[in-house]
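Printed here is work.tsv (TSV, C-alpha atoms and all ligand atoms):
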chain	number	residue	atom	x	y	z
A	1209	ALA	CA	0.52	-19.09	-18.26
A	1210	LEU	CA	-1.41	-16.28	-16.65
A	1211	ARG	CA	0.42	-14.95	-13.63
A	1212	VAL	CA	-2.08	-14.31	-10.85
A	1213	GLY	CA	-1.94	-13.74	-7.11
A	1214	VAL	CA	-3.89	-14.64	-3.99
A	1215	LEU	CA	-3.80	-11.98	-1.29
A	1216	ALA	CA	-2.07	-13.93	1.47
A	1217	LEU	CA	-2.49	-11.88	4.64
A	1218	GLN	CA	-5.13	-14.12	6.29
A	1219	GLY	CA	-7.76	-16.62	5.16
A	1220	ASP	CA	-8.05	-19.65	2.89
A	1221	VAL	CA	-5.14	-18.80	0.62
A	1222	ARG	CA	-3.95	-22.35	-0.12
A	1223	GLU	CA	-7.31	-23.54	-1.41
A	1224	HIS	CA	-7.39	-20.71	-3.96
A	1225	LEU	CA	-3.79	-21.31	-5.04
A	1226	ALA	CA	-4.66	-24.99	-5.59
A	1227	VAL	CA	-7.74	-24.24	-7.75
A	1228	LEU	CA	-5.89	-21.62	-9.82
A	1229	ARG	CA	-2.92	-23.95	-10.39
A	1230	ALA	CA	-5.23	-26.83	-11.32
A	1231	LEU	CA	-6.66	-24.52	-13.99
A	1232	GLY	CA	-3.16	-23.94	-15.38
A	1233	ALA	CA	-2.46	-20.52	-13.90
A	1234	ASP	CA	0.91	-19.47	-12.49
A	1235	ALA	CA	-0.47	-18.57	-9.05
A	1236	HIS	CA	1.47	-16.93	-6.22
A	1237	PRO	CA	0.73	-15.68	-2.71
A	1238	VAL	CA	0.82	-11.86	-2.50
A	1239	ARG	CA	1.99	-10.20	0.72
A	1240	ARG	CA	4.25	-7.45	-0.53
A	1241	LEU	CA	4.03	-4.63	-3.04
A	1242	GLU	CA	6.59	-6.23	-5.37
A	1243	GLU	CA	4.47	-9.39	-5.43
A	1244	LEU	CA	1.35	-7.39	-6.26
A	1245	SER	CA	3.18	-5.59	-9.06
A	1246	ALA	CA	4.14	-8.95	-10.59
A	1247	VAL	CA	0.62	-10.33	-11.05
A	1248	GLU	CA	-2.08	-9.70	-13.67
A	1249	GLY	CA	-5.04	-10.55	-11.46
A	1250	LEU	CA	-5.73	-11.02	-7.75
A	1251	VAL	CA	-7.95	-13.30	-5.68
A	1252	LEU	CA	-9.13	-12.02	-2.29
A	1253	PRO	CA	-9.74	-15.11	-0.13
A	1254	GLY	CA	-12.33	-15.93	2.50
A	1255	GLY	CA	-11.35	-15.24	6.07
A	1256	GLU	CA	-12.11	-12.24	8.23
A	1257	SER	CA	-12.58	-9.05	6.25
A	1258	SER	CA	-11.72	-6.66	9.08
A	1259	VAL	CA	-8.43	-8.49	9.74
A	1260	ILE	CA	-7.50	-8.56	6.04
A	1261	ASP	CA	-8.31	-4.83	5.89
A	1262	LYS	CA	-6.03	-4.06	8.87
A	1263	LEU	CA	-3.20	-6.23	7.59
A	1264	ALA	CA	-3.46	-4.76	4.09
A	1265	ARG	CA	-2.92	-1.33	5.60
A	1266	ALA	CA	-0.09	-2.57	7.85
A	1267	PHE	CA	1.64	-4.21	4.85
A	1268	GLY	CA	1.27	-1.08	2.70
A	1269	LEU	CA	-1.01	-2.89	0.27
A	1270	PHE	CA	-4.28	-1.05	0.86
A	1271	ASP	CA	-3.74	1.91	-1.47
A	1272	PRO	CA	-1.88	-0.13	-4.10
A	1273	ILE	CA	-4.78	-2.61	-4.27
A	1274	ARG	CA	-7.23	0.27	-4.65
A	1275	ALA	CA	-5.02	1.65	-7.41
A	1276	ALA	CA	-4.91	-1.74	-9.14
A	1277	ILE	CA	-8.72	-1.91	-9.03
A	1278	ALA	CA	-8.97	1.61	-10.47
A	1279	ASP	CA	-6.52	0.53	-13.17
A	1280	GLY	CA	-8.80	-2.37	-14.15
A	1281	MET	CA	-6.91	-5.33	-12.69
A	1282	PRO	CA	-9.30	-8.32	-12.58
A	1283	MET	CA	-10.06	-9.50	-9.05
A	1284	TYR	CA	-12.17	-12.26	-7.56
A	1285	GLY	CA	-13.27	-12.12	-3.92
A	1286	THR	CA	-14.90	-14.97	-2.00
A	1287	CYS	CA	-16.82	-14.26	1.21
A	1288	ALA	CA	-14.54	-11.87	3.14
A	1289	GLY	CA	-13.08	-11.08	-0.30
A	1290	LEU	CA	-16.53	-10.07	-1.58
A	1291	ILE	CA	-16.89	-7.76	1.43
A	1292	LEU	CA	-13.53	-6.18	0.58
A	1293	LEU	CA	-14.65	-5.48	-3.00
A	1294	ALA	CA	-17.95	-3.84	-2.01
A	1295	ASP	CA	-18.20	-0.05	-1.86
A	1296	ARG	CA	-20.41	-0.19	1.27
A	1297	ILE	CA	-20.82	-2.62	4.18
A	1298	ASP	CA	-23.37	-3.18	6.91
A	1299	GLY	CA	-22.06	-4.55	10.20
A	1300	ALA	CA	-18.54	-3.24	9.78
A	1301	ILE	CA	-16.39	-3.12	12.90
A	1302	THR	CA	-15.25	0.38	13.89
A	1303	GLY	CA	-12.86	1.80	11.35
A	1304	GLN	CA	-13.23	-1.11	8.94
A	1305	ARG	CA	-12.72	-0.11	5.31
A	1306	THR	CA	-12.97	-1.88	2.01
A	1307	PHE	CA	-11.01	-1.63	-1.23
A	1308	GLY	CA	-14.32	-1.15	-3.01
A	1309	GLY	CA	-14.95	-1.21	-6.74
A	1310	ILE	CA	-18.30	-2.99	-6.82
A	1311	ASP	CA	-21.16	-0.51	-6.41
A	1312	ALA	CA	-22.98	-2.59	-3.82
A	1313	ARG	CA	-23.87	-2.76	-0.14
A	1314	VAL	CA	-22.92	-6.03	1.53
A	1315	ALA	CA	-24.20	-7.18	4.91
A	1316	ARG	CA	-21.55	-9.02	6.93
A	1317	ASN	CA	-22.61	-12.25	8.68
A	1318	ALA	CA	-25.95	-11.94	6.92
A	1319	PHE	CA	-27.23	-15.36	7.87
A	1320	GLY	CA	-27.11	-15.11	11.66
A	1321	SER	CA	-25.62	-17.55	14.10
A	1322	GLN	CA	-28.16	-20.40	13.70
A	1323	THR	CA	-27.44	-20.80	10.02
A	1324	ALA	CA	-24.01	-19.23	9.95
A	1325	SER	CA	-22.86	-22.11	7.74
A	1326	PHE	CA	-24.85	-24.05	5.18
A	1327	GLU	CA	-24.58	-25.55	1.72
A	1328	THR	CA	-27.03	-25.26	-1.13
A	1329	ASP	CA	-27.31	-25.70	-4.90
A	1330	LEU	CA	-27.47	-22.40	-6.73
A	1331	ASP	CA	-28.56	-21.60	-10.25
A	1332	VAL	CA	-26.00	-19.34	-11.86
A	1333	PRO	CA	-27.32	-18.61	-15.39
A	1334	ALA	CA	-24.00	-17.04	-16.45
A	1335	LEU	CA	-22.27	-20.37	-15.75
A	1336	GLY	CA	-24.94	-22.67	-17.19
A	1337	GLU	CA	-25.45	-26.22	-16.01
A	1338	PRO	CA	-24.97	-27.86	-13.56
A	1339	PRO	CA	-25.98	-25.62	-10.62
A	1340	VAL	CA	-23.21	-24.49	-8.31
A	1341	HIS	CA	-22.88	-26.40	-5.06
A	1342	ALA	CA	-22.18	-23.49	-2.74
A	1343	ALA	CA	-20.79	-23.51	0.81
A	1344	PHE	CA	-21.68	-20.47	2.92
A	1345	ILE	CA	-19.50	-19.97	6.00
A	1346	ARG	CA	-20.49	-16.98	8.17
A	1347	ALA	CA	-21.26	-15.49	4.81
A	1348	PRO	CA	-22.19	-12.01	3.70
A	1349	ALA	CA	-25.02	-11.15	1.29
A	1350	VAL	CA	-25.44	-8.32	-1.18
A	1351	VAL	CA	-28.47	-6.32	-0.12
A	1352	GLU	CA	-28.34	-3.39	-2.57
A	1353	TRP	CA	-26.46	-2.68	-5.80
A	1354	GLY	CA	-26.10	0.04	-8.41
A	1355	PRO	CA	-26.74	-0.03	-12.16
A	1356	ASP	CA	-23.22	-1.09	-13.13
A	1357	ALA	CA	-23.18	-4.13	-10.84
A	1358	VAL	CA	-24.62	-7.34	-12.29
A	1359	PRO	CA	-26.05	-9.96	-9.92
A	1360	LEU	CA	-25.10	-13.50	-11.03
A	1361	ALA	CA	-26.96	-15.55	-8.43
A	1362	SER	CA	-29.50	-15.08	-5.67
A	1363	LEU	CA	-31.02	-17.19	-2.92
A	1364	SER	CA	-34.75	-17.90	-2.89
A	1365	ASP	CA	-35.22	-14.97	-0.47
A	1366	GLY	CA	-33.87	-12.59	-3.14
A	1367	ARG	CA	-30.54	-11.81	-1.53
A	1368	VAL	CA	-27.72	-11.70	-4.06
A	1369	VAL	CA	-24.76	-13.99	-3.39
A	1370	ALA	CA	-22.69	-13.59	-6.57
A	1371	ILE	CA	-22.08	-10.29	-8.33
A	1372	GLU	CA	-19.85	-8.81	-10.98
A	1373	GLN	CA	-18.84	-5.33	-12.09
A	1374	GLY	CA	-16.39	-4.92	-14.92
A	1375	ALA	CA	-13.29	-6.95	-14.07
A	1376	LEU	CA	-14.41	-7.53	-10.47
A	1377	LEU	CA	-16.23	-10.68	-9.37
A	1378	GLY	CA	-17.45	-11.58	-5.90
A	1379	THR	CA	-19.20	-14.56	-4.34
A	1380	ALA	CA	-20.57	-14.84	-0.81
A	1381	PHE	CA	-19.71	-18.55	-0.84
A	1382	HIS	CA	-16.49	-20.58	-1.24
A	1383	PRO	CA	-16.13	-22.40	-4.57
A	1384	GLU	CA	-12.50	-23.09	-3.64
A	1385	SER	CA	-13.69	-25.50	-0.95
A	1386	THR	CA	-16.26	-27.50	-2.93
A	1387	GLY	CA	-14.36	-28.38	-6.11
A	1388	GLU	CA	-16.23	-25.76	-8.15
A	1389	THR	CA	-13.86	-24.17	-10.67
A	1390	ARG	CA	-16.10	-22.11	-12.96
A	1391	PHE	CA	-15.80	-18.84	-11.03
A	1392	HIS	CA	-12.01	-19.07	-11.00
A	1393	ASP	CA	-12.19	-19.87	-14.70
A	1394	ARG	CA	-14.28	-16.75	-15.28
A	1395	PHE	CA	-11.74	-14.70	-13.32
A	1396	LEU	CA	-8.89	-16.15	-15.40
A	1397	SER	CA	-10.68	-15.31	-18.66
A	1398	ARG	CA	-10.97	-11.70	-17.48
A	1399	VAL	CA	-7.23	-11.72	-16.83
A	1400	HIS	CA	-6.62	-13.22	-20.25
A	1401	SER	CA	-8.78	-10.70	-22.09
A	1402	ARG	CA	-7.10	-7.81	-20.33
A	1403	ARG	CA	-3.71	-8.84	-21.74
A	1404	GLY	CA	-2.63	-6.41	-24.39
A	1405	ILE	CA	-5.29	-3.90	-23.39
A	1406	SER	CA	-3.24	-2.29	-20.66
A	1407	ALA	CA	0.20	-2.89	-19.22
A	1408	PRO	CA	0.56	-3.33	-15.45
A	1409	ALA	CA	0.75	0.20	-14.07
A	1410	LEU	CA	1.93	-0.31	-10.49
A	1501	LIG	N1	-17.70	-13.22	8.38
A	1501	LIG	C1	-16.46	-12.99	7.69
A	1501	LIG	C2	-16.18	-11.50	7.51
A	1501	LIG	O1	-16.97	-10.68	7.87
A	1501	LIG	C3	-16.46	-13.65	6.32
A	1501	LIG	C4	-16.48	-15.15	6.48
A	1501	LIG	C5	-15.71	-15.90	5.43
A	1501	LIG	O2	-14.94	-15.33	4.67
A	1501	LIG	N2	-15.89	-17.22	5.41
A	1501	LIG	O3	-15.14	-11.16	7.01

Could you render the structure from this file as structure tokens?
Ligand code: GLN
Amino acid sequence: ALRVGVLALQGDVREHLAVLRALGADAHPVRRLEELSAVEGLVLPGGESSVIDKLARAFGLFDPIRAAIADGMPMYGTCAGLILLADRIDGAITGQRTFGGIDARVARNAFGSQTASFETDLDVPALGEPPVHAAFIRAPAVVEWGPDAVPLASLSDGRVVAIEQGALLGTAFHPESTGETRFHDRFLSRVHSRRGISAPAL
């Protein structure tokens, strides 16, 4: 089985572990460097991006995660996790940093307080039919992206809510909470295709 991790500093870690295990992966929480070194791919959960950022630095995981991204380790970020994978953020709290890797600018809490949470059906051509039933919870949106980043889904107002660059995938919504497994599947196929291309380098 593919051995993958879910960054387990804060956020909806258990939901991701459950989806990954249901798909046959050998999924483990990651809180320490040794645990990061033992996985072939990493999910960054939803939660609060500024808290995950602080804890990652406190746990000595910030630079190692950046190194893993630079080394090509596949990662999938949902919501706060998408924020953490973006090179640039709007609405960051003072000192907030991201791991980066996706050449994009993401606006935190992009949907305001009235509609901070909503659900909708999204067309995601890369995943085919049926549309994705997506839950947005104080969600970010991608407002700008570079030539190497590929938008996978947008809302009717044009804001991008799923994006991919190389081995990195991010969604503004939470498939792990609506029974949607195709994004996790896509992440796992990236992990699978990377096997044999490069050995873990941490
Ligand atoms: N608003 C949160 C943040 O900025 C993200 C919300 C979520 O992950 N559900 O990190």

Once 8 Å is added on each side, what centre and edge lengths in Å to one decimal does the axis-aligned box around all listed atoms of range 1242-1257 of chain A have, as lines of an AutoDock Vina configuration file?
center_x = -3.0
center_y = -10.8
center_z = -2.7
size_x = 35.2
size_y = 26.3
size_z = 37.9

* To do: Using all atoms listed in the file, find the one residue out of A:Arg1229, A:Arg1346, A:Arg1367, A:His1392 that sits nearest to Val1251 in chain A.
  =>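 Closest to Val1251 in chain A of all the choices is A:His1392.
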
* Write out as a PyMOL selection string which residues come within 8 Å of Ser1325 in chain A when counting all atoms listed in the file, dropping same-chain ones fewer than 2 positions away. => chain A and resi 1323+1327+1343-1347

Distance table requested - chain A against ligand LIG 1501 (chain A), cut-off 9 Å, all atoms listed in the file: one row per qualifying residue with the closest atom pair and its distance in Å to one decimal, ordered by chain and rising residue number, as CSV.
residue,atom,partner,partner_atom,distance
A:Gly1219,CA,A:LIG1501,O2,7.3
A:Asp1220,CA,A:LIG1501,O2,8.3
A:Pro1253,CA,A:LIG1501,O2,7.1
A:Gly1254,CA,A:LIG1501,O2,3.4
A:Gly1255,CA,A:LIG1501,O2,3.9
A:Glu1256,CA,A:LIG1501,O3,3.4
A:Ser1257,CA,A:LIG1501,O3,3.4
A:Ser1258,CA,A:LIG1501,O3,6.0
A:Val1259,CA,A:LIG1501,O3,7.7
A:Ile1260,CA,A:LIG1501,O3,8.1
A:Thr1286,CA,A:LIG1501,O2,6.7
A:Cys1287,CA,A:LIG1501,O2,4.1
A:Ala1288,CA,A:LIG1501,O2,3.8
A:Gly1289,CA,A:LIG1501,O2,6.8
A:Leu1290,CA,A:LIG1501,O2,8.3
A:Ile1291,CA,A:LIG1501,O3,6.8
A:Leu1292,CA,A:LIG1501,O3,8.3
A:Gly1299,CA,A:LIG1501,O1,8.3
A:Ala1300,CA,A:LIG1501,O1,7.8
A:Ala1315,CA,A:LIG1501,O1,8.6
A:Arg1316,CA,A:LIG1501,O1,5.0
A:Asn1317,CA,A:LIG1501,N1,5.0
A:Ala1318,CA,A:LIG1501,N1,8.5
A:Ala1324,CA,A:LIG1501,N1,8.9
A:Ser1325,CA,A:LIG1501,N2,8.8
A:Phe1344,CA,A:LIG1501,N2,7.1
A:Ile1345,CA,A:LIG1501,N2,4.6
A:Arg1346,CA,A:LIG1501,N1,4.7
A:Ala1347,CA,A:LIG1501,C4,5.1
A:Pro1348,CA,A:LIG1501,C3,6.5
A:Ala1380,CA,A:LIG1501,O2,7.9
A:Phe1381,CA,A:LIG1501,N2,7.4
A:His1382,CA,A:LIG1501,N2,7.5

* Point-to-point distance in Å for CA of Leu1250 in chain A and CA of Val1214 in chain A ->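 Result for CA of Val1214 in chain A versus CA of Leu1250 in chain A: 5.5 Å, one decimal.
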
* To do: Figure out the distance between CA of Pro1338 in chain A and CA of Leu1293 in chain A, please, to one decimal in Å.
  => 26.8 Å

* Asked: Interatomic distance between CA of Asp1329 in chain A and CA of Ala1216 in chain A?
  ->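 Distance reported for this atom pair: 28.6 Å.
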
* To do: Please determine the residues with any atom at most 12 Å from (-5.7, -16.5, -16.5) (coordinates as given in the file, with only C-alpha atoms counting) and report them as number ranges by chain.
  => A: 1209-1213, 1227-1235, 1247-1251, 1281-1284, 1391-1403

* To do: Please identify all polymer residues lying at most 7 Å from the point (-22.1, -15.3, -4.2) (file coordinates), using only C-alpha atoms, and present the result as a PyMOL selection string.
  => chain A and resi 1361+1368-1371+1378-1381

* Among the residues A:Asp1261, A:Trp1353, A:Leu1335, A:Ala1342, the one that comes closest to Val1314 in chain A [using all atoms listed in the file] ->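 Ranked by minimum distance to Val1314 in chain A, first place goes to A:Trp1353.
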
* Counting all atoms listed in the file, which of A:Pro1237, A:Thr1306, A:Pro1355, A:Gly1285 gets nearest to Pro1383 in chain A? ->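 Distance minimum relative to Pro1383 in chain A lands on A:Gly1285.
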
* For Ala1312 in chain A, work out the shell of residues within 6 Å, counting all atoms listed in the file and skipping chain neighbours fewer than 2 positions away, then give it as a PyMOL selection string. => chain A and resi 1294-1295+1310+1352-1353

* A:Ala1334, A:Leu1244, A:Leu1269, A:Leu1376 ranked by distance to Asp1356 in chain A, top pick (using all atoms listed in the file) ->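 Distance minimum relative to Asp1356 in chain A lands on A:Leu1376.
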
* To do: Compare A:Glu1223, A:Thr1328, A:Gly1308, A:Gln1218 by their minimum atom-to-atom distance to Arg1239 in chain A, counting only C-alpha atoms, and give me the closest one.
  => A:Gln1218

Range 1262-1296 of chain A rebuilt with N, CA and C atoms, output as a PDB file, in the coordinates of the input:
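Here's the written file result.pdb:
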ATOM      1  N   LYS A1262      -7.091  -4.594   7.994  1.00  0.00           N
ATOM      2  CA  LYS A1262      -6.030  -4.060   8.870  1.00  0.00           C
ATOM      3  C   LYS A1262      -4.646  -4.455   8.381  1.00  0.00           C
ATOM      4  N   LEU A1263      -4.515  -5.745   8.017  1.00  0.00           N
ATOM      5  CA  LEU A1263      -3.200  -6.230   7.590  1.00  0.00           C
ATOM      6  C   LEU A1263      -2.808  -5.589   6.258  1.00  0.00           C
ATOM      7  N   ALA A1264      -3.771  -5.391   5.378  1.00  0.00           N
ATOM      8  CA  ALA A1264      -3.460  -4.760   4.090  1.00  0.00           C
ATOM      9  C   ALA A1264      -2.886  -3.363   4.326  1.00  0.00           C
ATOM     10  N   ARG A1265      -3.457  -2.662   5.306  1.00  0.00           N
ATOM     11  CA  ARG A1265      -2.920  -1.330   5.600  1.00  0.00           C
ATOM     12  C   ARG A1265      -1.539  -1.441   6.238  1.00  0.00           C
ATOM     13  N   ALA A1266      -1.384  -2.402   7.178  1.00  0.00           N
ATOM     14  CA  ALA A1266      -0.090  -2.570   7.850  1.00  0.00           C
ATOM     15  C   ALA A1266       1.016  -2.971   6.866  1.00  0.00           C
ATOM     16  N   PHE A1267       0.645  -3.743   5.827  1.00  0.00           N
ATOM     17  CA  PHE A1267       1.640  -4.210   4.850  1.00  0.00           C
ATOM     18  C   PHE A1267       1.799  -3.221   3.685  1.00  0.00           C
ATOM     19  N   GLY A1268       1.139  -2.070   3.773  1.00  0.00           N
ATOM     20  CA  GLY A1268       1.270  -1.080   2.700  1.00  0.00           C
ATOM     21  C   GLY A1268       0.631  -1.510   1.408  1.00  0.00           C
ATOM     22  N   LEU A1269      -0.376  -2.390   1.494  1.00  0.00           N
ATOM     23  CA  LEU A1269      -1.010  -2.890   0.270  1.00  0.00           C
ATOM     24  C   LEU A1269      -2.379  -2.262   0.014  1.00  0.00           C
ATOM     25  N   PHE A1270      -2.907  -1.535   1.002  1.00  0.00           N
ATOM     26  CA  PHE A1270      -4.280  -1.050   0.860  1.00  0.00           C
ATOM     27  C   PHE A1270      -4.425  -0.108  -0.342  1.00  0.00           C
ATOM     28  N   ASP A1271      -3.638   0.953  -0.368  1.00  0.00           N
ATOM     29  CA  ASP A1271      -3.740   1.910  -1.470  1.00  0.00           C
ATOM     30  C   ASP A1271      -3.310   1.307  -2.808  1.00  0.00           C
ATOM     31  N   PRO A1272      -2.239   0.509  -2.831  1.00  0.00           N
ATOM     32  CA  PRO A1272      -1.880  -0.130  -4.100  1.00  0.00           C
ATOM     33  C   PRO A1272      -2.976  -1.056  -4.652  1.00  0.00           C
ATOM     34  N   ILE A1273      -3.689  -1.762  -3.779  1.00  0.00           N
ATOM     35  CA  ILE A1273      -4.780  -2.610  -4.270  1.00  0.00           C
ATOM     36  C   ILE A1273      -5.906  -1.743  -4.812  1.00  0.00           C
ATOM     37  N   ARG A1274      -6.217  -0.664  -4.116  1.00  0.00           N
ATOM     38  CA  ARG A1274      -7.230   0.270  -4.650  1.00  0.00           C
ATOM     39  C   ARG A1274      -6.798   0.814  -6.014  1.00  0.00           C
ATOM     40  N   ALA A1275      -5.520   1.138  -6.134  1.00  0.00           N
ATOM     41  CA  ALA A1275      -5.020   1.650  -7.410  1.00  0.00           C
ATOM     42  C   ALA A1275      -5.119   0.595  -8.502  1.00  0.00           C
ATOM     43  N   ALA A1276      -4.824  -0.652  -8.149  1.00  0.00           N
ATOM     44  CA  ALA A1276      -4.910  -1.740  -9.140  1.00  0.00           C
ATOM     45  C   ALA A1276      -6.355  -1.918  -9.596  1.00  0.00           C
ATOM     46  N   ILE A1277      -7.295  -1.803  -8.674  1.00  0.00           N
ATOM     47  CA  ILE A1277      -8.720  -1.910  -9.030  1.00  0.00           C
ATOM     48  C   ILE A1277      -9.092  -0.764  -9.977  1.00  0.00           C
ATOM     49  N   ALA A1278      -8.666   0.453  -9.629  1.00  0.00           N
ATOM     50  CA  ALA A1278      -8.970   1.610 -10.470  1.00  0.00           C
ATOM     51  C   ALA A1278      -8.359   1.451 -11.859  1.00  0.00           C
ATOM     52  N   ASP A1279      -7.223   0.749 -11.914  1.00  0.00           N
ATOM     53  CA  ASP A1279      -6.520   0.530 -13.170  1.00  0.00           C
ATOM     54  C   ASP A1279      -7.134  -0.604 -13.990  1.00  0.00           C
ATOM     55  N   GLY A1280      -8.107  -1.321 -13.403  1.00  0.00           N
ATOM     56  CA  GLY A1280      -8.800  -2.370 -14.150  1.00  0.00           C
ATOM     57  C   GLY A1280      -8.261  -3.777 -13.942  1.00  0.00           C
ATOM     58  N   MET A1281      -7.400  -3.971 -12.935  1.00  0.00           N
ATOM     59  CA  MET A1281      -6.910  -5.330 -12.690  1.00  0.00           C
ATOM     60  C   MET A1281      -8.071  -6.243 -12.291  1.00  0.00           C
ATOM     61  N   PRO A1282      -8.233  -7.388 -12.960  1.00  0.00           N
ATOM     62  CA  PRO A1282      -9.300  -8.320 -12.580  1.00  0.00           C
ATOM     63  C   PRO A1282      -9.074  -8.875 -11.160  1.00  0.00           C
ATOM     64  N   MET A1283     -10.141  -8.924 -10.395  1.00  0.00           N
ATOM     65  CA  MET A1283     -10.060  -9.500  -9.050  1.00  0.00           C
ATOM     66  C   MET A1283     -11.283 -10.361  -8.797  1.00  0.00           C
ATOM     67  N   TYR A1284     -11.077 -11.385  -7.974  1.00  0.00           N
ATOM     68  CA  TYR A1284     -12.170 -12.260  -7.560  1.00  0.00           C
ATOM     69  C   TYR A1284     -12.128 -12.401  -6.051  1.00  0.00           C
ATOM     70  N   GLY A1285     -13.210 -12.016  -5.367  1.00  0.00           N
ATOM     71  CA  GLY A1285     -13.270 -12.120  -3.920  1.00  0.00           C
ATOM     72  C   GLY A1285     -14.305 -13.134  -3.486  1.00  0.00           C
ATOM     73  N   THR A1286     -13.920 -14.039  -2.568  1.00  0.00           N
ATOM     74  CA  THR A1286     -14.900 -14.970  -2.000  1.00  0.00           C
ATOM     75  C   THR A1286     -15.135 -14.592  -0.551  1.00  0.00           C
ATOM     76  N   CYS A1287     -16.408 -14.468  -0.189  1.00  0.00           N
ATOM     77  CA  CYS A1287     -16.820 -14.260   1.210  1.00  0.00           C
ATOM     78  C   CYS A1287     -16.194 -13.000   1.790  1.00  0.00           C
ATOM     79  N   ALA A1288     -15.199 -13.081   2.662  1.00  0.00           N
ATOM     80  CA  ALA A1288     -14.540 -11.870   3.140  1.00  0.00           C
ATOM     81  C   ALA A1288     -14.014 -11.060   1.949  1.00  0.00           C
ATOM     82  N   GLY A1289     -13.568 -11.753   0.902  1.00  0.00           N
ATOM     83  CA  GLY A1289     -13.080 -11.080  -0.300  1.00  0.00           C
ATOM     84  C   GLY A1289     -14.165 -10.282  -1.010  1.00  0.00           C
ATOM     85  N   LEU A1290     -15.389 -10.819  -1.025  1.00  0.00           N
ATOM     86  CA  LEU A1290     -16.530 -10.070  -1.580  1.00  0.00           C
ATOM     87  C   LEU A1290     -16.764  -8.798  -0.759  1.00  0.00           C
ATOM     88  N   ILE A1291     -16.713  -8.934   0.567  1.00  0.00           N
ATOM     89  CA  ILE A1291     -16.890  -7.760   1.430  1.00  0.00           C
ATOM     90  C   ILE A1291     -15.861  -6.688   1.073  1.00  0.00           C
ATOM     91  N   LEU A1292     -14.615  -7.127   0.867  1.00  0.00           N
ATOM     92  CA  LEU A1292     -13.530  -6.180   0.580  1.00  0.00           C
ATOM     93  C   LEU A1292     -13.701  -5.484  -0.768  1.00  0.00           C
ATOM     94  N   LEU A1293     -14.447  -6.090  -1.679  1.00  0.00           N
ATOM     95  CA  LEU A1293     -14.650  -5.480  -3.000  1.00  0.00           C
ATOM     96  C   LEU A1293     -15.896  -4.594  -3.054  1.00  0.00           C
ATOM     97  N   ALA A1294     -16.705  -4.615  -1.993  1.00  0.00           N
ATOM     98  CA  ALA A1294     -17.950  -3.840  -2.010  1.00  0.00           C
ATOM     99  C   ALA A1294     -17.674  -2.399  -1.583  1.00  0.00           C
ATOM    100  N   ASP A1295     -18.377  -1.467  -2.221  1.00  0.00           N
ATOM    101  CA  ASP A1295     -18.200  -0.050  -1.860  1.00  0.00           C
ATOM    102  C   ASP A1295     -18.737   0.242  -0.460  1.00  0.00           C
ATOM    103  N   ARG A1296     -19.771  -0.495  -0.022  1.00  0.00           N
ATOM    104  CA  ARG A1296     -20.410  -0.190   1.270  1.00  0.00           C
ATOM    105  C   ARG A1296     -20.682  -1.489   2.036  1.00  0.00           C
TER     106      ARG A1296
END
